[in-house]
>>> print(open('target.pdb').read())   # PDB, C-alpha atoms, pLDDT in the B column
ATOM      1  CA  MET A  26     -14.219  -5.198  21.132  1.00 79.00           C
ATOM      2  CA  LYS A  27     -14.291  -6.173  17.460  1.00 94.00           C
ATOM      3  CA  LYS A  28     -10.954  -7.091  15.865  1.00 97.00           C
ATOM      4  CA  ILE A  29     -10.337  -5.853  12.355  1.00 98.00           C
ATOM      5  CA  VAL A  30      -7.329  -6.792  10.238  1.00 98.00           C
ATOM      6  CA  ILE A  31      -6.532  -4.684   7.188  1.00 98.00           C
ATOM      7  CA  VAL A  32      -4.125  -6.131   4.641  1.00 98.00           C
ATOM      8  CA  GLY A  33      -2.374  -3.218   2.962  1.00 97.00           C
ATOM      9  CA  GLY A  34      -1.186   0.131   4.283  1.00 96.00           C
ATOM     10  CA  GLY A  35      -1.705   2.079   1.096  1.00 94.00           C
ATOM     11  CA  THR A  36      -4.215   4.859   0.661  1.00 94.00           C
ATOM     12  CA  ALA A  37      -7.155   2.416   0.707  1.00 95.00           C
ATOM     13  CA  GLY A  38      -6.093   0.597   3.883  1.00 97.00           C
ATOM     14  CA  ILE A  39      -5.243   3.805   5.733  1.00 97.00           C
ATOM     15  CA  SER A  40      -8.529   5.426   4.660  1.00 96.00           C
ATOM     16  CA  VAL A  41     -10.602   2.431   5.781  1.00 98.00           C
ATOM     17  CA  ALA A  42      -8.883   2.367   9.183  1.00 98.00           C
ATOM     18  CA  SER A  43      -9.441   6.103   9.667  1.00 97.00           C
ATOM     19  CA  ALA A  44     -13.093   5.925   8.655  1.00 97.00           C
ATOM     20  CA  LEU A  45     -13.782   2.965  10.948  1.00 97.00           C
ATOM     21  CA  LEU A  46     -12.122   4.669  13.918  1.00 96.00           C
ATOM     22  CA  ARG A  47     -14.116   7.858  13.329  1.00 96.00           C
ATOM     23  CA  LYS A  48     -17.317   5.797  13.583  1.00 96.00           C
ATOM     24  CA  ARG A  49     -16.185   3.535  16.451  1.00 95.00           C
ATOM     25  CA  SER A  50     -13.120   4.302  18.527  1.00 92.00           C
ATOM     26  CA  ASP A  51     -13.465   1.011  20.438  1.00 94.00           C
ATOM     27  CA  LEU A  52     -12.301  -1.129  17.502  1.00 97.00           C
ATOM     28  CA  GLU A  53      -9.039  -3.081  17.611  1.00 97.00           C
ATOM     29  CA  ILE A  54      -7.540  -2.461  14.172  1.00 98.00           C
ATOM     30  CA  LYS A  55      -4.294  -3.879  12.798  1.00 98.00           C
ATOM     31  CA  ILE A  56      -2.835  -2.896   9.446  1.00 98.00           C
ATOM     32  CA  ILE A  57      -0.436  -5.369   7.862  1.00 98.00           C
ATOM     33  CA  GLU A  58       2.064  -3.539   5.648  1.00 98.00           C
ATOM     34  CA  PRO A  59       5.737  -4.327   4.947  1.00 97.00           C
ATOM     35  CA  SER A  60       6.821  -0.915   3.619  1.00 96.00           C
ATOM     36  CA  GLU A  61       8.576   1.722   5.714  1.00 97.00           C
ATOM     37  CA  THR A  62       7.416   4.456   3.330  1.00 97.00           C
ATOM     38  CA  HIS A  63       3.850   5.274   2.348  1.00 96.00           C
ATOM     39  CA  TYR A  64       3.447   6.755  -1.130  1.00 94.00           C
ATOM     40  CA  TYR A  65       0.270   8.649  -1.917  1.00 94.00           C
ATOM     41  CA  GLN A  66       0.065   7.178  -5.409  1.00 91.00           C
ATOM     42  CA  PRO A  67      -2.911   9.239  -6.635  1.00 91.00           C
ATOM     43  CA  LEU A  68      -0.494  12.187  -6.596  1.00 94.00           C
ATOM     44  CA  TRP A  69       1.754  10.443  -9.107  1.00 95.00           C
ATOM     45  CA  THR A  70      -0.449  11.620 -11.986  1.00 94.00           C
ATOM     46  CA  LEU A  71       0.535  15.162 -11.006  1.00 96.00           C
ATOM     47  CA  VAL A  72       4.165  14.105 -10.546  1.00 95.00           C
ATOM     48  CA  GLY A  73       4.092  12.720 -14.080  1.00 94.00           C
ATOM     49  CA  GLY A  74       2.534  15.995 -15.219  1.00 94.00           C
ATOM     50  CA  GLY A  75       5.340  18.030 -13.643  1.00 94.00           C
ATOM     51  CA  VAL A  76       3.137  19.667 -10.989  1.00 96.00           C
ATOM     52  CA  PHE A  77       4.613  18.007  -7.885  1.00 95.00           C
ATOM     53  CA  PRO A  78       7.993  16.433  -7.090  1.00 96.00           C
ATOM     54  CA  LEU A  79       7.916  12.714  -6.240  1.00 96.00           C
ATOM     55  CA  GLU A  80       9.147  13.296  -2.684  1.00 96.00           C
ATOM     56  CA  LYS A  81       5.904  15.184  -1.885  1.00 96.00           C
ATOM     57  CA  SER A  82       4.056  11.860  -2.253  1.00 96.00           C
ATOM     58  CA  ALA A  83       6.178  10.054   0.354  1.00 97.00           C
ATOM     59  CA  ARG A  84       5.706   9.884   4.125  1.00 97.00           C
ATOM     60  CA  PRO A  85       7.118   7.529   6.734  1.00 98.00           C
ATOM     61  CA  MET A  86       4.542   4.774   7.268  1.00 97.00           C
ATOM     62  CA  ARG A  87       4.605   5.328  11.028  1.00 96.00           C
ATOM     63  CA  HIS A  88       3.296   8.877  10.425  1.00 97.00           C
ATOM     64  CA  VAL A  89       0.270   7.834   8.365  1.00 97.00           C
ATOM     65  CA  ILE A  90      -0.960   4.885  10.432  1.00 97.00           C
ATOM     66  CA  PRO A  91      -3.984   6.311  12.283  1.00 97.00           C
ATOM     67  CA  ASP A  92      -3.770   6.722  16.061  1.00 95.00           C
ATOM     68  CA  GLY A  93      -5.460   3.768  17.697  1.00 94.00           C
ATOM     69  CA  THR A  94      -4.297   1.403  14.946  1.00 97.00           C
ATOM     70  CA  GLU A  95      -1.481  -1.131  15.276  1.00 97.00           C
ATOM     71  CA  TRP A  96       0.980  -1.395  12.395  1.00 98.00           C
ATOM     72  CA  VAL A  97       2.072  -4.984  11.814  1.00 98.00           C
ATOM     73  CA  LYS A  98       5.191  -4.686   9.674  1.00 97.00           C
ATOM     74  CA  GLY A  99       5.145  -7.748   7.477  1.00 97.00           C
ATOM     75  CA  LYS A 100       3.534  -9.588   4.585  1.00 96.00           C
ATOM     76  CA  VAL A 101       0.594 -11.981   4.487  1.00 98.00           C
ATOM     77  CA  GLU A 102       1.584 -15.469   3.411  1.00 97.00           C
ATOM     78  CA  SER A 103      -1.906 -16.985   3.360  1.00 98.00           C
ATOM     79  CA  PHE A 104      -5.522 -16.518   4.367  1.00 98.00           C
ATOM     80  CA  LEU A 105      -7.473 -18.943   6.556  1.00 98.00           C
ATOM     81  CA  PRO A 106     -11.047 -17.634   6.216  1.00 97.00           C
ATOM     82  CA  GLU A 107     -12.573 -20.708   7.863  1.00 98.00           C
ATOM     83  CA  LEU A 108     -10.605 -19.795  11.019  1.00 98.00           C
ATOM     84  CA  ASN A 109     -10.822 -15.997  10.594  1.00 98.00           C
ATOM     85  CA  GLU A 110      -7.029 -15.811  10.503  1.00 98.00           C
ATOM     86  CA  VAL A 111      -4.241 -14.570   8.292  1.00 98.00           C
ATOM     87  CA  VAL A 112      -0.783 -16.126   8.356  1.00 98.00           C
ATOM     88  CA  LEU A 113       2.194 -13.805   8.072  1.00 98.00           C
ATOM     89  CA  GLU A 114       5.369 -14.726   6.216  1.00 97.00           C
ATOM     90  CA  ASN A 115       7.125 -15.188   9.587  1.00 97.00           C
ATOM     91  CA  GLY A 116       4.514 -17.811  10.557  1.00 97.00           C
ATOM     92  CA  ASN A 117       2.630 -15.650  13.059  1.00 97.00           C
ATOM     93  CA  LYS A 118      -1.154 -15.747  12.826  1.00 98.00           C
ATOM     94  CA  LEU A 119      -3.556 -12.867  13.353  1.00 97.00           C
ATOM     95  CA  SER A 120      -7.203 -13.518  14.093  1.00 98.00           C
ATOM     96  CA  TYR A 121      -9.996 -11.148  13.184  1.00 98.00           C
ATOM     97  CA  ASP A 122     -13.731 -10.603  13.308  1.00 98.00           C
ATOM     98  CA  TYR A 123     -13.610  -8.641  10.055  1.00 98.00           C
ATOM     99  CA  LEU A 124     -10.988  -8.664   7.306  1.00 98.00           C
ATOM    100  CA  VAL A 125     -10.301  -5.904   4.776  1.00 98.00           C
ATOM    101  CA  VAL A 126      -8.035  -6.859   1.877  1.00 98.00           C
ATOM    102  CA  ALA A 127      -6.543  -3.812   0.141  1.00 96.00           C
ATOM    103  CA  PRO A 128      -3.011  -4.814  -0.926  1.00 93.00           C
ATOM    104  CA  GLY A 129      -2.827  -2.521  -3.949  1.00 87.00           C
ATOM    105  CA  ILE A 130      -1.566  -3.525  -7.346  1.00 84.00           C
ATOM    106  CA  GLN A 131       1.314  -5.804  -8.200  1.00 85.00           C
ATOM    107  CA  LEU A 132       3.196  -4.555 -11.233  1.00 91.00           C
ATOM    108  CA  ASP A 133       4.483  -7.216 -13.598  1.00 94.00           C
ATOM    109  CA  TRP A 134       6.310  -5.429 -16.406  1.00 94.00           C
ATOM    110  CA  SER A 135       7.605  -8.731 -17.804  1.00 94.00           C
ATOM    111  CA  ARG A 136       4.083  -9.757 -18.916  1.00 95.00           C
ATOM    112  CA  ILE A 137       4.465  -7.442 -21.945  1.00 95.00           C
ATOM    113  CA  GLU A 138       7.328  -8.505 -24.153  1.00 96.00           C
ATOM    114  CA  GLY A 139      10.105  -5.893 -24.231  1.00 95.00           C
ATOM    115  CA  LEU A 140       8.471  -3.491 -21.751  1.00 95.00           C
ATOM    116  CA  LYS A 141      10.776  -4.214 -18.826  1.00 93.00           C
ATOM    117  CA  GLU A 142      13.862  -3.542 -20.947  1.00 94.00           C
ATOM    118  CA  THR A 143      12.672  -0.204 -22.349  1.00 95.00           C
ATOM    119  CA  LEU A 144      10.624   1.235 -19.479  1.00 95.00           C
ATOM    120  CA  GLY A 145      12.078   4.499 -18.259  1.00 95.00           C
ATOM    121  CA  LYS A 146      13.865   5.224 -21.532  1.00 94.00           C
ATOM    122  CA  ASN A 147      13.078   5.532 -25.232  1.00 93.00           C
ATOM    123  CA  GLY A 148       9.977   7.578 -24.366  1.00 95.00           C
ATOM    124  CA  VAL A 149       8.271   4.680 -22.535  1.00 96.00           C
ATOM    125  CA  CYS A 150       6.709   6.006 -19.323  1.00 94.00           C
ATOM    126  CA  SER A 151       4.525   4.910 -16.431  1.00 93.00           C
ATOM    127  CA  ASN A 152       2.873   6.839 -13.616  1.00 92.00           C
ATOM    128  CA  TYR A 153       2.337   3.585 -11.696  1.00 91.00           C
ATOM    129  CA  SER A 154       5.846   3.251 -10.289  1.00 92.00           C
ATOM    130  CA  LYS A 155       7.959   5.630  -8.234  1.00 92.00           C
ATOM    131  CA  ASP A 156      10.921   4.446 -10.281  1.00 93.00           C
ATOM    132  CA  TYR A 157       9.516   5.764 -13.576  1.00 94.00           C
ATOM    133  CA  VAL A 158       6.935   8.459 -12.799  1.00 94.00           C
ATOM    134  CA  GLU A 159       9.397  11.366 -13.028  1.00 94.00           C
ATOM    135  CA  TYR A 160      10.474  10.185 -16.481  1.00 95.00           C
ATOM    136  CA  THR A 161       6.939  10.913 -17.707  1.00 94.00           C
ATOM    137  CA  TRP A 162       7.521  14.618 -17.133  1.00 93.00           C
ATOM    138  CA  GLU A 163      10.974  14.447 -18.743  1.00 93.00           C
ATOM    139  CA  CYS A 164       9.386  13.031 -21.873  1.00 93.00           C
ATOM    140  CA  MET A 165       6.676  15.655 -21.980  1.00 88.00           C
TER     141      MET A 165
END
>>> encode(input="target.pdb", output="structure tokens")
Amino acid sequence: MKKIVIVGGGTAGISVASALLRKRSDLEIKIIEPSETHYYQPLWTLVGGGVFPLEKSARPMRHVIPDGTEWVKGKVESFLPELNEVVLENGNKLSYDYLVVAPGIQLDWSRIEGLKETLGKNGVCSNYSKDYVEYTWECM
């Protein structure tokens, strides 16, 4: 049995796990994801356009993890590719035969001077955060 570790339980990680299991049901797949809620972020463009409410993009993570896949609730602290292991923030190690890294994006509003202070008001919008996506439609 091949062991596969997927870092990230977003749309990419979930899709990869599902596709792999459709091809080979004998795989041991673990998805490492700290969030309790899965947001289908591609829908946020339509949330920002006023077509869907934000809550339609949210599902409990336990409902979107594919059957036959283990959800490891946590964060990766470091990668040890020479040992085929990842180290979790709690110190536990997971070994793998194959590793998929799909952690999504990390927003850093502070990298643009003044953005953090004005985001979500003054007509400054973003569809890349659940905290501000609905404001896009308000502004339109």
>>> residues_around(input="target.pdb", residues="region 66-82 of chain A", least_positions_apart="2", cutoff="10 Å", atoms="all atoms listed in the file", output="VMD selection string")
chain A and resid 35 to 36 62 to 64 84 150 to 165
>>> atom_distance(input="target.pdb", atom1="CA of Trp96 (chain A)", atom2="CA of Ala42 (chain A)")
11.0 Å
>>> atom_distance(input="target.pdb", atom1="CA of Met26 (chain A)", atom2="CA of Asp51 (chain A)")
6.3 Å
>>> resolve_selection(input="target.pdb", expression="the PyMOL selection byres ((chain A and resi 124) around 6)", output="compact mmCIF listing (two decimals) with C-alpha atoms, in the coordinates of the input")
# COMPACT_ATOMS: atom_id res chain seq x y z
CA ILE A 29 -10.34 -5.85 12.36
CA VAL A 30 -7.33 -6.79 10.24
CA ILE A 31 -6.53 -4.68 7.19
CA TYR A 123 -13.61 -8.64 10.06
CA VAL A 125 -10.30 -5.90 4.78
>>> resolve_selection(input="target.pdb", expression="the PyMOL selection byres ((chain A and resi 86-88) around 10)", output="list in words")
Gly34, Gly35, Ile39, Glu58, Pro59, Ser60, Glu61, Thr62, His63, Tyr64, Ala83, Arg84, Pro85, Val89, Ile90, Pro91, Asp92, Glu95, Trp96 and Lys98 of chain A
>>> closest_residue(input="target.pdb", among="A:Tyr121, A:Glu102, A:Val111, A:Ser40", to="Ile54 (chain A)", atoms="all atoms listed in the file")
A:Tyr121
>>> atom_distance(input="target.pdb", atom1="CA of Ala37 (chain A)", atom2="CA of Trp134 (chain A)")
23.1 Å
